[in-house]
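Asker: input08.cif (mmCIF, C-alpha atoms) pasted underneath:
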data_structure
#
loop_
_atom_site.group_PDB
_atom_site.id
_atom_site.type_symbol
_atom_site.label_atom_id
_atom_site.label_comp_id
_atom_site.auth_asym_id
_atom_site.auth_seq_id
_atom_site.Cartn_x
_atom_site.Cartn_y
_atom_site.Cartn_z
ATOM 1 C CA MET V 1 -22.159 10.536 -8.286
ATOM 2 C CA THR V 2 -20.466 7.574 -6.572
ATOM 3 C CA THR V 3 -22.883 5.323 -4.667
ATOM 4 C CA ILE V 4 -22.643 2.359 -2.317
ATOM 5 C CA ASP V 5 -23.355 0.113 -5.325
ATOM 6 C CA ASP V 6 -20.189 1.409 -7.001
ATOM 7 C CA LEU V 7 -18.163 0.549 -3.904
ATOM 8 C CA VAL V 8 -19.753 -2.914 -3.682
ATOM 9 C CA ARG V 9 -18.817 -3.619 -7.301
ATOM 10 C CA LEU V 10 -15.238 -2.582 -6.579
ATOM 11 C CA VAL V 11 -14.910 -4.324 -3.203
ATOM 12 C CA PRO V 12 -17.300 -7.227 -2.562
ATOM 13 C CA PRO V 13 -18.682 -7.092 0.992
ATOM 14 C CA PRO V 14 -19.045 -10.105 3.295
ATOM 15 C CA ALA V 15 -22.020 -12.372 2.697
ATOM 16 C CA GLU V 16 -22.911 -12.037 6.389
ATOM 17 C CA PRO V 17 -21.457 -8.742 7.665
ATOM 18 C CA LEU V 18 -20.676 -8.524 11.366
ATOM 19 C CA ASP V 19 -22.481 -5.935 13.543
ATOM 20 C CA ALA V 20 -24.059 -4.382 10.449
ATOM 21 C CA ALA V 21 -27.508 -3.544 11.866
ATOM 22 C CA GLY V 22 -28.746 -1.675 14.903
ATOM 23 C CA ASP V 23 -30.666 1.321 16.170
ATOM 24 C CA TRP V 24 -29.566 4.347 14.162
ATOM 25 C CA ALA V 25 -31.992 6.562 16.088
ATOM 26 C CA ARG V 26 -30.104 5.750 19.295
ATOM 27 C CA VAL V 27 -26.760 6.535 17.646
ATOM 28 C CA GLU V 28 -27.981 9.846 16.229
ATOM 29 C CA ALA V 29 -29.536 10.821 19.553
ATOM 30 C CA ALA V 30 -26.228 10.154 21.323
ATOM 31 C CA LEU V 31 -24.364 12.298 18.770
ATOM 32 C CA GLU V 32 -27.139 14.911 18.590
ATOM 33 C CA ARG V 33 -26.795 14.757 14.804
ATOM 34 C CA GLU V 34 -28.429 12.934 11.947
ATOM 35 C CA LEU V 35 -25.832 10.949 9.986
ATOM 36 C CA PRO V 36 -25.373 10.684 6.200
ATOM 37 C CA ALA V 37 -27.326 7.984 4.364
ATOM 38 C CA ASP V 38 -24.241 6.719 2.532
ATOM 39 C CA PHE V 39 -22.476 5.962 5.840
ATOM 40 C CA LYS V 40 -25.479 4.004 7.090
ATOM 41 C CA ALA V 41 -25.426 2.030 3.833
ATOM 42 C CA LEU V 42 -21.660 1.447 4.258
ATOM 43 C CA VAL V 43 -22.142 -0.021 7.739
ATOM 44 C CA GLY V 44 -25.130 -2.069 6.556
ATOM 45 C CA ARG V 45 -23.298 -3.652 3.625
ATOM 46 C CA TYR V 46 -19.835 -4.192 5.149
ATOM 47 C CA GLY V 47 -20.294 -4.268 8.929
ATOM 48 C CA ARG V 48 -17.275 -4.389 11.180
ATOM 49 C CA GLY V 49 -13.938 -4.706 9.400
ATOM 50 C CA GLN V 50 -11.193 -2.946 7.486
ATOM 51 C CA PHE V 51 -10.397 -1.836 3.943
ATOM 52 C CA THR V 52 -6.941 -2.808 2.597
ATOM 53 C CA ASP V 53 -5.529 -3.417 6.087
ATOM 54 C CA PHE V 54 -5.644 0.348 6.577
ATOM 55 C CA ILE V 55 -9.027 2.145 6.845
ATOM 56 C CA THR V 56 -11.453 1.057 9.578
ATOM 57 C CA PRO V 57 -14.939 2.600 9.500
ATOM 58 C CA LEU V 58 -16.141 3.435 13.002
ATOM 59 C CA HIS V 59 -19.092 1.056 13.254
ATOM 60 C CA PRO V 60 -21.582 1.977 16.016
ATOM 61 C CA PHE V 61 -23.137 -1.448 16.667
ATOM 62 C CA GLY V 62 -22.226 -4.635 18.506
ATOM 63 C CA PRO V 63 -20.139 -4.981 21.664
ATOM 64 C CA HIS V 64 -17.410 -2.569 20.516
ATOM 65 C CA ASP V 65 -18.992 0.753 19.504
ATOM 66 C CA LEU V 66 -16.175 2.810 17.974
ATOM 67 C CA LEU V 67 -18.154 5.793 16.696
ATOM 68 C CA ILE V 68 -19.892 7.307 19.717
ATOM 69 C CA PRO V 69 -16.969 7.208 22.219
ATOM 70 C CA MET V 70 -14.530 8.712 19.725
ATOM 71 C CA ALA V 71 -16.945 11.450 18.696
ATOM 72 C CA ARG V 72 -17.933 12.331 22.255
ATOM 73 C CA GLY V 73 -14.328 12.559 23.428
ATOM 74 C CA LEU V 74 -12.934 14.553 20.521
ATOM 75 C CA LEU V 75 -13.434 18.109 21.795
ATOM 76 C CA ALA V 76 -12.067 17.389 25.279
ATOM 77 C CA GLN V 77 -9.073 15.608 23.791
ATOM 78 C CA GLU V 78 -8.168 18.331 21.291
ATOM 79 C CA SER V 79 -9.068 21.513 23.198
ATOM 80 C CA PRO V 80 -5.792 21.825 25.174
ATOM 81 C CA PHE V 81 -3.701 21.613 22.002
ATOM 82 C CA ARG V 82 -5.988 24.066 20.187
ATOM 83 C CA ASP V 83 -5.773 26.535 23.082
ATOM 84 C CA SER V 84 -1.975 26.495 22.754
ATOM 85 C CA HIS V 85 -1.762 26.311 18.942
ATOM 86 C CA PRO V 86 -4.940 27.768 17.399
ATOM 87 C CA GLU V 87 -3.156 28.350 14.080
ATOM 88 C CA LEU V 88 -2.749 24.572 13.661
ATOM 89 C CA CYS V 89 -6.458 23.796 14.157
ATOM 90 C CA PRO V 90 -8.397 25.242 11.202
ATOM 91 C CA TYR V 91 -11.657 23.420 11.971
ATOM 92 C CA PRO V 92 -13.984 23.242 14.973
ATOM 93 C CA PHE V 93 -14.512 19.884 16.673
ATOM 94 C CA HIS V 94 -17.714 17.970 17.358
ATOM 95 C CA PRO V 95 -20.043 18.924 19.033
ATOM 96 C CA GLU V 96 -19.160 22.515 18.076
ATOM 97 C CA PRO V 97 -21.269 23.845 15.154
ATOM 98 C CA GLY V 98 -19.852 22.571 11.868
ATOM 99 C CA GLY V 99 -17.204 20.606 13.777
ATOM 100 C CA LEU V 100 -15.185 17.635 12.608
ATOM 101 C CA LEU V 101 -16.877 14.316 13.398
ATOM 102 C CA PRO V 102 -14.758 11.141 12.912
ATOM 103 C CA TRP V 103 -16.226 8.294 10.836
ATOM 104 C CA ALA V 104 -13.101 6.167 10.201
ATOM 105 C CA GLY V 105 -9.534 5.683 11.400
ATOM 106 C CA THR V 106 -6.351 4.351 9.823
ATOM 107 C CA ASP V 107 -3.584 2.070 10.991
ATOM 108 C CA ASN V 108 -1.259 5.102 10.962
ATOM 109 C CA GLY V 109 -3.393 6.909 13.529
ATOM 110 C CA ASP V 110 -5.015 9.237 10.980
ATOM 111 C CA ARG V 111 -8.711 10.064 11.116
ATOM 112 C CA LEU V 112 -11.307 10.532 8.428
ATOM 113 C CA CYS V 113 -13.876 13.075 9.542
ATOM 114 C CA TRP V 114 -16.992 14.741 8.237
ATOM 115 C CA LEU V 115 -17.080 18.502 8.173
ATOM 116 C CA THR V 116 -20.575 18.759 9.661
ATOM 117 C CA ASP V 117 -21.648 21.923 7.899
ATOM 118 C CA GLY V 118 -25.099 21.856 6.308
ATOM 119 C CA ALA V 119 -27.335 18.851 5.648
ATOM 120 C CA PRO V 120 -25.759 15.472 6.532
ATOM 121 C CA ASP V 121 -25.845 14.141 2.973
ATOM 122 C CA SER V 122 -23.827 17.171 1.855
ATOM 123 C CA TRP V 123 -21.049 16.694 4.432
ATOM 124 C CA THR V 124 -17.558 16.368 2.972
ATOM 125 C CA VAL V 125 -14.503 14.476 4.188
ATOM 126 C CA VAL V 126 -11.462 15.915 5.931
ATOM 127 C CA ALA V 127 -8.467 13.603 6.342
ATOM 128 C CA TRP V 128 -6.553 14.513 9.489
ATOM 129 C CA ASN V 129 -3.263 13.485 11.036
ATOM 130 C CA PRO V 130 -3.567 14.513 14.716
ATOM 131 C CA ARG V 131 0.122 13.839 15.383
ATOM 132 C CA GLY V 132 1.319 16.447 12.897
ATOM 133 C CA SER V 133 -1.790 18.633 12.601
ATOM 134 C CA TYR V 134 -2.068 17.885 8.887
ATOM 135 C CA TYR V 135 -5.468 18.310 7.261
ATOM 136 C CA SER V 136 -6.671 17.566 3.733
ATOM 137 C CA ALA V 137 -10.234 18.463 2.672
ATOM 138 C CA HIS V 138 -12.072 16.530 -0.048
ATOM 139 C CA ASP V 139 -15.391 17.456 -1.626
ATOM 140 C CA GLU V 140 -16.720 13.903 -1.258
ATOM 141 C CA GLY V 141 -18.893 11.932 1.127
ATOM 142 C CA ALA V 142 -17.627 8.863 3.004
ATOM 143 C CA VAL V 143 -18.480 6.251 0.346
ATOM 144 C CA ALA V 144 -17.250 8.403 -2.557
ATOM 145 C CA PHE V 145 -14.010 9.105 -0.693
ATOM 146 C CA LEU V 146 -13.396 5.396 -0.048
ATOM 147 C CA HIS V 147 -14.128 4.489 -3.671
ATOM 148 C CA GLY V 148 -11.930 7.299 -4.975
ATOM 149 C CA TRP V 149 -9.025 6.474 -2.682
ATOM 150 C CA LEU V 150 -9.172 2.748 -3.433
ATOM 151 C CA THR V 151 -9.164 3.362 -7.188
ATOM 152 C CA GLY V 152 -6.437 6.021 -7.078
ATOM 153 C CA ARG V 153 -8.761 8.836 -8.146
ATOM 154 C CA ILE V 154 -8.331 10.556 -4.781
ATOM 155 C CA HIS V 155 -4.971 11.155 -3.156
ATOM 156 C CA THR V 156 -4.560 12.706 0.263
ATOM 157 C CA PRO V 157 -1.119 13.812 1.459
ATOM 158 C CA VAL V 158 -2.181 12.873 4.984
ATOM 159 C CA PHE V 159 -1.879 9.172 4.041
ATOM 160 C CA GLY V 160 1.306 9.398 1.997
ATOM 161 C CA GLY V 161 1.664 7.367 -1.205
ATOM 162 C CA PRO V 162 -1.259 6.260 -3.397
ATOM 163 C CA VAL V 163 -2.879 2.848 -3.231
ATOM 164 C CA GLU V 164 -2.121 0.394 -5.990
ATOM 165 C CA PRO V 165 -5.165 -1.918 -6.138
ATOM 166 C CA THR V 166 -6.173 -4.757 -5.586
ATOM 167 C CA PRO V 167 -8.644 -3.267 -3.029
ATOM 168 C CA TRP V 168 -10.275 -5.568 -0.496
ATOM 169 C CA PHE V 169 -12.317 -5.612 2.694
ATOM 170 C CA ASP V 170 -11.685 -7.971 5.597
ATOM 171 C CA PRO V 171 -14.503 -8.561 8.094
ATOM 172 C CA PHE V 172 -13.255 -8.443 11.652
ATOM 173 C CA LEU V 173 -11.722 -11.644 12.958
ATOM 174 C CA GLU V 174 -9.555 -11.941 16.030
ATOM 175 C CA ARG V 175 -5.946 -12.167 14.846
ATOM 176 C CA VAL V 176 -2.514 -11.974 16.415
ATOM 177 C CA HIS V 177 -0.236 -9.398 14.770
ATOM 178 C CA VAL V 178 3.549 -9.795 14.751
ATOM 179 C CA TYR V 179 6.299 -7.717 13.139
ATOM 180 C CA VAL V 180 9.473 -9.590 12.105
ATOM 181 C CA ARG V 181 12.411 -7.227 11.515
ATOM 182 C CA LEU V 182 15.048 -8.470 9.061
ATOM 183 C CA SER V 183 18.605 -7.671 8.054
ATOM 184 C CA GLU V 184 18.980 -6.629 4.432
ATOM 185 C CA GLY V 185 20.635 -9.657 2.825
ATOM 186 C CA GLU V 186 22.169 -9.706 -0.651
ATOM 187 C CA LEU V 187 19.265 -10.787 -2.863
ATOM 188 C CA PRO V 188 17.129 -8.123 -4.581
ATOM 189 C CA TYR V 189 13.748 -7.320 -3.088
ATOM 190 C CA ALA V 190 11.741 -9.075 -5.819
ATOM 191 C CA GLU V 191 13.651 -12.315 -5.308
ATOM 192 C CA ARG V 192 13.220 -12.169 -1.529
ATOM 193 C CA LEU V 193 9.480 -11.631 -2.011
ATOM 194 C CA ARG V 194 9.275 -14.592 -4.402
ATOM 195 C CA ILE V 195 11.011 -16.852 -1.868
ATOM 196 C CA LEU V 196 8.736 -15.695 0.953
ATOM 197 C CA ARG V 197 5.561 -16.319 -1.028
ATOM 198 C CA GLU V 198 6.823 -19.669 -2.246
ATOM 199 C CA ALA V 199 7.434 -20.723 1.362
ATOM 200 C CA LEU V 200 3.819 -19.869 2.255
ATOM 201 C CA ALA V 201 2.131 -21.040 -0.959
ATOM 202 C CA PRO V 202 -0.584 -20.920 -2.062
ATOM 203 C CA THR V 203 -0.839 -17.127 -1.801
ATOM 204 C CA ALA V 204 -3.053 -14.404 -3.261
ATOM 205 C CA ASP V 205 -2.252 -10.749 -4.030
ATOM 206 C CA ARG V 206 -3.758 -8.072 -1.809
ATOM 207 C CA GLY V 207 -2.197 -4.956 -3.337
ATOM 208 C CA SER V 208 1.184 -3.235 -3.325
ATOM 209 C CA TYR V 209 2.921 0.119 -3.010
ATOM 210 C CA HIS V 210 6.176 1.154 -4.673
ATOM 211 C CA ASP V 211 7.821 4.558 -4.231
ATOM 212 C CA GLU V 212 10.843 4.863 -6.525
ATOM 213 C CA ASP V 213 12.838 7.205 -4.306
ATOM 214 C CA ASP V 214 15.857 7.447 -6.525
ATOM 215 C CA GLY V 215 13.923 8.115 -9.715
ATOM 216 C CA ASP V 216 15.030 4.982 -11.590
ATOM 217 C CA ASP V 217 13.424 1.602 -12.218
ATOM 218 C CA GLU V 218 16.193 -0.432 -10.643
ATOM 219 C CA ASP V 219 15.586 -2.569 -7.556
ATOM 220 C CA ASP V 220 18.738 -1.232 -5.915
ATOM 221 C CA GLY V 221 17.592 -0.882 -2.326
ATOM 222 C CA ASP V 222 16.705 2.815 -2.548
ATOM 223 C CA ASP V 223 13.012 2.164 -3.168
ATOM 224 C CA SER V 224 10.245 2.058 -0.580
ATOM 225 C CA ARG V 225 7.993 -0.931 -1.153
ATOM 226 C CA GLN V 226 5.087 -2.804 0.377
ATOM 227 C CA ASP V 227 3.558 -6.019 -0.929
ATOM 228 C CA HIS V 228 0.405 -7.349 0.720
ATOM 229 C CA PHE V 229 -0.705 -10.939 0.228
ATOM 230 C CA SER V 230 -2.526 -13.752 1.966
ATOM 231 C CA ALA V 231 -1.441 -17.324 2.649
ATOM 232 C CA THR V 232 -4.812 -18.670 1.572
ATOM 233 C CA ALA V 233 -4.604 -22.196 2.974
ATOM 234 C CA LEU V 234 -3.495 -20.843 6.367
ATOM 235 C CA ASP V 235 -5.778 -17.773 6.518
ATOM 236 C CA TRP V 236 -2.779 -15.569 7.318
ATOM 237 C CA ARG V 237 -2.436 -11.936 6.155
ATOM 238 C CA LEU V 238 1.076 -10.715 5.361
ATOM 239 C CA THR V 239 2.943 -7.609 4.294
ATOM 240 C CA TYR V 240 6.541 -7.679 3.120
ATOM 241 C CA GLU V 241 8.039 -4.220 3.036
ATOM 242 C CA THR V 242 10.898 -1.777 3.150
ATOM 243 C CA ALA V 243 8.566 1.230 3.598
ATOM 244 C CA TYR V 244 8.843 1.205 7.421
ATOM 245 C CA GLY V 245 12.037 -0.767 7.755
ATOM 246 C CA HIS V 246 12.812 -4.158 6.260
ATOM 247 C CA GLN V 247 10.240 -6.452 7.798
ATOM 248 C CA ILE V 248 7.481 -9.000 7.442
ATOM 249 C CA ARG V 249 4.154 -8.287 9.108
ATOM 250 C CA VAL V 250 1.900 -11.250 9.735
ATOM 251 C CA ALA V 251 -1.624 -11.548 11.181
ATOM 252 C CA TYR V 252 -2.838 -15.044 12.015
ATOM 253 C CA PRO V 253 -5.634 -16.713 13.993
ATOM 254 C CA PRO V 254 -4.885 -17.372 17.668
ATOM 255 C CA GLY V 255 -3.136 -20.694 18.125
ATOM 256 C CA ASP V 256 -1.067 -20.440 14.934
ATOM 257 C CA GLY V 257 1.879 -18.701 16.636
ATOM 258 C CA PRO V 258 4.388 -21.584 16.707
ATOM 259 C CA ARG V 259 3.612 -22.499 13.100
ATOM 260 C CA ALA V 260 3.893 -18.875 11.943
ATOM 261 C CA ARG V 261 7.208 -18.374 13.739
ATOM 262 C CA GLN V 262 8.699 -21.530 12.241
ATOM 263 C CA ALA V 263 7.483 -20.698 8.721
ATOM 264 C CA LEU V 264 8.728 -17.099 8.739
ATOM 265 C CA PHE V 265 12.076 -17.846 10.371
ATOM 266 C CA ASP V 266 12.680 -20.597 7.796
ATOM 267 C CA ALA V 267 11.641 -18.263 4.968
ATOM 268 C CA ALA V 268 13.962 -15.526 6.237
ATOM 269 C CA ARG V 269 16.905 -17.907 6.103
ATOM 270 C CA ARG V 270 16.076 -18.836 2.518
ATOM 271 C CA MET V 271 15.823 -15.127 1.678
ATOM 272 C CA GLY V 272 19.357 -14.661 2.959
ATOM 273 C CA CYS V 273 18.228 -12.490 5.866
ATOM 274 C CA GLU V 274 18.739 -12.626 9.606
ATOM 275 C CA VAL V 275 15.805 -12.108 11.982
ATOM 276 C CA LEU V 276 16.804 -9.086 14.060
ATOM 277 C CA SER V 277 13.764 -8.843 16.319
ATOM 278 C CA THR V 278 10.076 -9.629 16.660
ATOM 279 C CA SER V 279 7.392 -7.460 18.209
ATOM 280 C CA ALA V 280 3.645 -7.225 18.561
ATOM 281 C CA ASP V 281 1.527 -4.676 16.742
ATOM 282 C CA ARG V 282 2.274 -1.110 17.959
ATOM 283 C CA GLY V 283 5.745 -2.156 19.076
ATOM 284 C CA GLY V 284 4.915 -4.190 22.181
ATOM 285 C CA PRO V 285 6.648 -7.444 23.144
ATOM 286 C CA ALA V 286 6.148 -10.338 20.743
ATOM 287 C CA PRO V 287 3.611 -12.983 21.778
ATOM 288 C CA GLU V 288 4.904 -15.934 23.779
ATOM 289 C CA GLY V 289 6.939 -18.314 21.672
ATOM 290 C CA TRP V 290 8.347 -15.668 19.280
ATOM 291 C CA GLU V 291 11.354 -14.664 21.368
#
Reformat the file's structure so that it appears as structure tokens.
Answerer:
Amino acid sequence: MTTIDDLVRLVPPPAEPLDAAGDWARVEAALERELPADFKALVGRYGRGQFTDFITPLHPFGPHDLLIPMARGLLAQESPFRDSHPELCPYPFHPEPGGLLPWAGTDNGDRLCWLTDGAPDSWTVVAWNPRGSYYSAHDEGAVAFLHGWLTGRIHTPVFGGPVEPTPWFDPFLERVHVYVRLSEGELPYAERLRILREALAPTADRGSYHDEDDGDDEDDGDDSRQDHFSATALDWRLTYETAYGHQIRVAYPPGDGPRARQALFDAARRMGCEVLSTSADRGGPAPEGWE
């Protein structure tokens, strides 16, 4: 049985987790449900933050309670679609008996839910893509699911490709997120990545994803790739990828915008690429100074 200690050994938590403690009785009263012990341990050890720049547990404490508002609004939000397409909604929704209750979200808009059937510590996880009505059930609790997904033991088609560790957890810090779209250029992907990391050195690996679409091992432009790394001296988080278009994603502390723009535009030129556009996270206009 996977425990919180197994997850802690795999992914060290922050020394001082943010918004990690609070009144669980108040939370459970608001949800009219007792919650699983492993989730309470997860919040207590990690606090507010995100695993691998992708999965965000819905912490219920501090100034930004994510758990209670999402759970309370789920049935009202999903009922109209279910009324029109009942065949695409195989599970009830909280607070219906045995209904799905969200405990985490992803950067793709997916949700990780408990199927609240039986005693809380026996609840299992359902991964759900609300945009496409895709569901994937897993006979695991929240902590066991996280550990299994981060180690590659668990794969859910809702998320797409498997994770290739190194797994990590980032406590919440305010950051500015910018997407820098690039032309292709003539250098192979691996060489462009080397140039980018060299321009931002020192850097540290934060995991990668490689889907060999054409079935060969050649870096010929047909592959879908993501490489996550940090610029450690700058405290920037970056992803270089072709998985969602050829782009660099960067997250940096407020105030670093001019420096980040200069560094990435210079790196793009060295990579043999043209900057096509810049935008904020979720596709909004780029922050001031990036135009």
Asker: Show me, as a PyMOL selection string, the residues that have an atom within 10 Å of Thr166 (chain V) when counting only C-alpha atoms, minus same-chain residues fewer than 4 positions from it.
Answerer: chain V and resi 10-11+52+150-151+205-208+228
Asker: For this file, the PyMOL selection byres ((chain V and resi 242-245) around 7) selects which residues, as JSON, numbers by chain?
Answerer: {"V": [224, 225, 226, 241, 246, 247]}
Asker: Do you have the CA of Arg192 (chain V)-CA of Gly289 (chain V) distance handy?
Answerer: 24.8 Å
Asker: Could you state the separation of CA of His94 (chain V) and CA of Thr56 (chain V) in Å, given to one decimal place?
Answerer: 19.6 Å
Asker: Choose the residue, out of V:Asp227, V:Asp235, V:Asp23, V:Glu140, that has the smallest atom-to-atom separation from Ile154 (chain V); count only C-alpha atoms.
Answerer: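 Result for the nearest residue to Ile154 (chain V): V:Glu140.
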Asker: Skipping near chain neighbours, those fewer than 3 positions away, what residues fall within 7 Å of Gly105 (chain V) using only C-alpha atoms, listed as a compact mmCIF listing (two decimals) with C-alpha atoms, keeping the file's coordinate frame?
Answerer:
# COMPACT_ATOMS: atom_id res chain seq x y z
CA ILE V 55 -9.03 2.14 6.84
CA THR V 56 -11.45 1.06 9.58
CA PRO V 57 -14.94 2.60 9.50
CA GLY V 109 -3.39 6.91 13.53
CA ASP V 110 -5.01 9.24 10.98
CA ARG V 111 -8.71 10.06 11.12
CA LEU V 112 -11.31 10.53 8.43
Asker: Using only C-alpha atoms, determine which residues lie at most 10 Å from Gly284 (chain V), disregarding the query and same-chain residues fewer than 4 positions distant; provide the list as a ChimeraX atom specification.
Answerer: /V:178-179,278-280
Asker: So which one's closest to Phe229 (chain V), V:Tyr46, V:Trp168, V:Trp114, V:Tyr189? Using only C-alpha atoms, please.
Answerer: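 Ranking V:Tyr46, V:Trp168, V:Trp114, V:Tyr189 by distance to Phe229 (chain V), first place goes to V:Trp168.
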